[in-house]
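Peer 1: My questions will all concern the structure given below.
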Protein chains: 2
Amino acid sequence: MCSAPLGGNADLTAKARIRSAAINLFGQAGFARTSVRAIAAQAGVSPALVVHHFGSKEGLKQACDQYVAGELLDTEAAAYDQDLLGTMQRWLAEPAAFAAEFDYLSRMILEGSETGDVLFERLVDRTEALLEHGAQAGQMSRFSDVRTTGLLVALMGLVPLLMSRQVGRVLGESGLSAAALQKLALPTLELLTYGLYTGSEALEATRAAMKSVEP
Amino acid sequence: MCSAPLGGNADLTAKARIRSAAINLFGQAGFARTSVRAIAAQAGVSPALVVHHFGSKEGLKQACDQYVAGELLDTEAAAYDQDLLGTMQRWLAEPAAFAAEFDYLSRMILEGSETGDVLFERLVDRTEALLEHGAQAGQMSRFSDVRTTGLLVALMGLVPLLMSRQVGRVLGESGLSAAALQKLALPTLELLTYGLYTGSEALEATRAAMKSVEP
DNA sequence: CATGAGACTGAACAAGCGTTTAGACTGTTG
DNA sequence: CAACAGTCTAAACGCTTGTTCAGTCTCATG
């Protein structure tokens, strides 16, 4: 049934080809800026077939959401229970095969998607658990508000992906390339190890300010 | 000529009213999802007048970019040369008057805008200078790559604004309210003071891994 | 008063959008 | 063979989009 692969994914089902094209284009330009016709053209298919398989453009989006979420969770879920470092190194070693999925994931989180929000909340949960585990093992600091700290650490890990364009621009790379990630790794670890401030004056000042506002 | 103010800004020029409406709607829904007709309607004006004053929708966007950038730079530039803490407290004390401008700024940075990119690069520059100054004064740690560390710290300061929806959701607030910012302040300072890791094992492991890759 | 410039609008334009419809073509099942 | 179910397309639908055009109104200037 399946002929020889031509130009990447010509051997896929038309439905899969549409979804793949949608992930590519949605990831590059966003949902609103991408037309059903453009997706159909890239998939080598008529616009009507998109609707036939996915009901509507919105239905296609939700199918892509579910697919990418499943893809990234199934392949990364086990690895994620280890540490941040190991996951980052896996991404460093990975070629640009997952690039489109990561671009789409970024759009999912930035544009309002229920699946993206749930995914993000799960990431915060995991980070929070990681903080508690690290604190009990004595490897990580103890914080007054583990939930909010988990949120902050999760954001810190995610933000290079979400702002890959600006990160690439500042580092002199194009987007979030392997070289850019490499430049990011050491400073991130330094910041997380030594902290930014040498003393606790700024922290104490904030504590005092907050107590005076809400006693 | 100007009658009594009705509903906020009925006393403004039509041109200013259009720009104000555009900042509101672009900030809420993004550039692509906002129509010229919707902007004209909110400004109490015909769609043709928008084109008459700004040339095109793209021209209106650039005018908004320039206005918001100027507004935030003129009022905040002097304050920004102090420290991050002071600026954050100013925002905490501010009412929701600047909320629309901040929403628009967020869109400017997330969607591809040249003005937004330049603004971001300037923020990184300032943060980098702040790090060098803090290190010389002995208040901040010394880092191996000041530029990249400046990028990271700038990102960390910006990310709650860019992801206000998710932050609000996790913290049980609606968006980046004053209460949400208050919940964020102490954990942020804790993280920047104590760091995440108690020891330097993770940092050394990364250093070793990077040297083995690129000797 | 006449003239011209600018603010402003209603109506219409062409283009693109997501979606629908009717039907052709395939392969499978009774 | 006949009937069905699924895949797929060409054409067109109604709607929204950004923009243009012709013309009105107001007001300052000569």
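In the structure tokens, the first chain shown is A, the next is B, and so on; residue numbers restart at 1 for each chain, and ligands run from 1 in the order shown.
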Please tabulate, as JSON lines, the residues of chain B that come within 6 Å of chain A, each with its closest pair of atoms and the distance in Å to one decimal, counting only C-alpha atoms and ordering rows by chain, then residue number upward.
Peer 2:
{"residue": "B:Gln139", "atom": "CA", "partner": "A:Thr198", "partner_atom": "CA", "distance": 5.4}
{"residue": "B:Met140", "atom": "CA", "partner": "A:Tyr197", "partner_atom": "CA", "distance": 4.4}
{"residue": "B:Ser141", "atom": "CA", "partner": "A:Leu196", "partner_atom": "CA", "distance": 5.7}
{"residue": "B:Thr149", "atom": "CA", "partner": "A:Pro187", "partner_atom": "CA", "distance": 5.7}
{"residue": "B:Pro187", "atom": "CA", "partner": "A:Thr149", "partner_atom": "CA", "distance": 5.7}
{"residue": "B:Leu189", "atom": "CA", "partner": "A:Leu203", "partner_atom": "CA", "distance": 5.4}
{"residue": "B:Leu192", "atom": "CA", "partner": "A:Gly195", "partner_atom": "CA", "distance": 4.7}
{"residue": "B:Thr193", "atom": "CA", "partner": "A:Tyr197", "partner_atom": "CA", "distance": 4.9}
{"residue": "B:Tyr194", "atom": "CA", "partner": "A:Gly195", "partner_atom": "CA", "distance": 5.5}
{"residue": "B:Gly195", "atom": "CA", "partner": "A:Gly195", "partner_atom": "CA", "distance": 4.0}
{"residue": "B:Leu196", "atom": "CA", "partner": "A:Leu192", "partner_atom": "CA", "distance": 4.9}
{"residue": "B:Tyr197", "atom": "CA", "partner": "A:Met140", "partner_atom": "CA", "distance": 4.4}
{"residue": "B:Thr198", "atom": "CA", "partner": "A:Met140", "partner_atom": "CA", "distance": 5.0}
{"residue": "B:Leu203", "atom": "CA", "partner": "A:Leu189", "partner_atom": "CA", "distance": 5.4}
Peer 1: Kindly provide, as a VMD selection string, the residues of chain A having any atom no farther than 10 Å from an atom of chain D, counting only C-alpha atoms (C1' of nucleotides).
Peer 2: chain A and resid 14 45 to 49 52 to 53
Peer 1: Based on only C-alpha atoms (C1' of nucleotides), which of the residues in chain A come within 9 Å of chain C? I want them as a ChimeraX atom specification.
Peer 2: /A:35-36,48,51,56-57
Peer 1: Those same residues, written as a PDB file, in the first residue's frame with N, CA and C atoms?
Peer 2:
ATOM      1  N   SER A  35      -3.634  29.778   6.881  1.00  0.00           N
ATOM      2  CA  SER A  35      -4.924  29.465   6.281  1.00  0.00           C
ATOM      3  C   SER A  35      -5.032  27.980   5.988  1.00  0.00           C
ATOM      4  N   VAL A  36      -6.274  27.507   5.983  1.00  0.00           N
ATOM      5  CA  VAL A  36      -6.542  26.115   5.642  1.00  0.00           C
ATOM      6  C   VAL A  36      -5.996  25.803   4.247  1.00  0.00           C
ATOM      7  N   ALA A  48     -10.888  21.058   0.936  1.00  0.00           N
ATOM      8  CA  ALA A  48     -12.085  20.374   1.423  1.00  0.00           C
ATOM      9  C   ALA A  48     -11.734  19.115   2.215  1.00  0.00           C
ATOM     10  N   VAL A  51     -11.258  19.703   5.954  1.00  0.00           N
ATOM     11  CA  VAL A  51     -12.505  19.738   6.715  1.00  0.00           C
ATOM     12  C   VAL A  51     -13.098  18.336   6.843  1.00  0.00           C
ATOM     13  N   SER A  56     -13.144  20.977  11.090  1.00  0.00           N
ATOM     14  CA  SER A  56     -12.960  22.422  10.925  1.00  0.00           C
ATOM     15  C   SER A  56     -11.512  22.769  11.223  1.00  0.00           C
ATOM     16  N   LYS A  57     -11.168  24.030  11.001  1.00  0.00           N
ATOM     17  CA  LYS A  57      -9.806  24.476  11.307  1.00  0.00           C
ATOM     18  C   LYS A  57      -9.538  24.330  12.806  1.00  0.00           C
TER      19      LYS A  57
END
Peer 1: Quick one: pull the distance between atom CA of Thr127 of chain A and atom CA of Asp103 of chain B, Å, one decimal.
Peer 2: 27.3 Å
Peer 1: So which residues of segment 11-197 of chain A fall under helix (DSSP H, G or I) by DSSP, listed as a PyMOL selection string?
Peer 2: chain A and resi 14-29+36-43+47-54+57-80+84-93+96-110+114-136+146-162+164-171+178-194
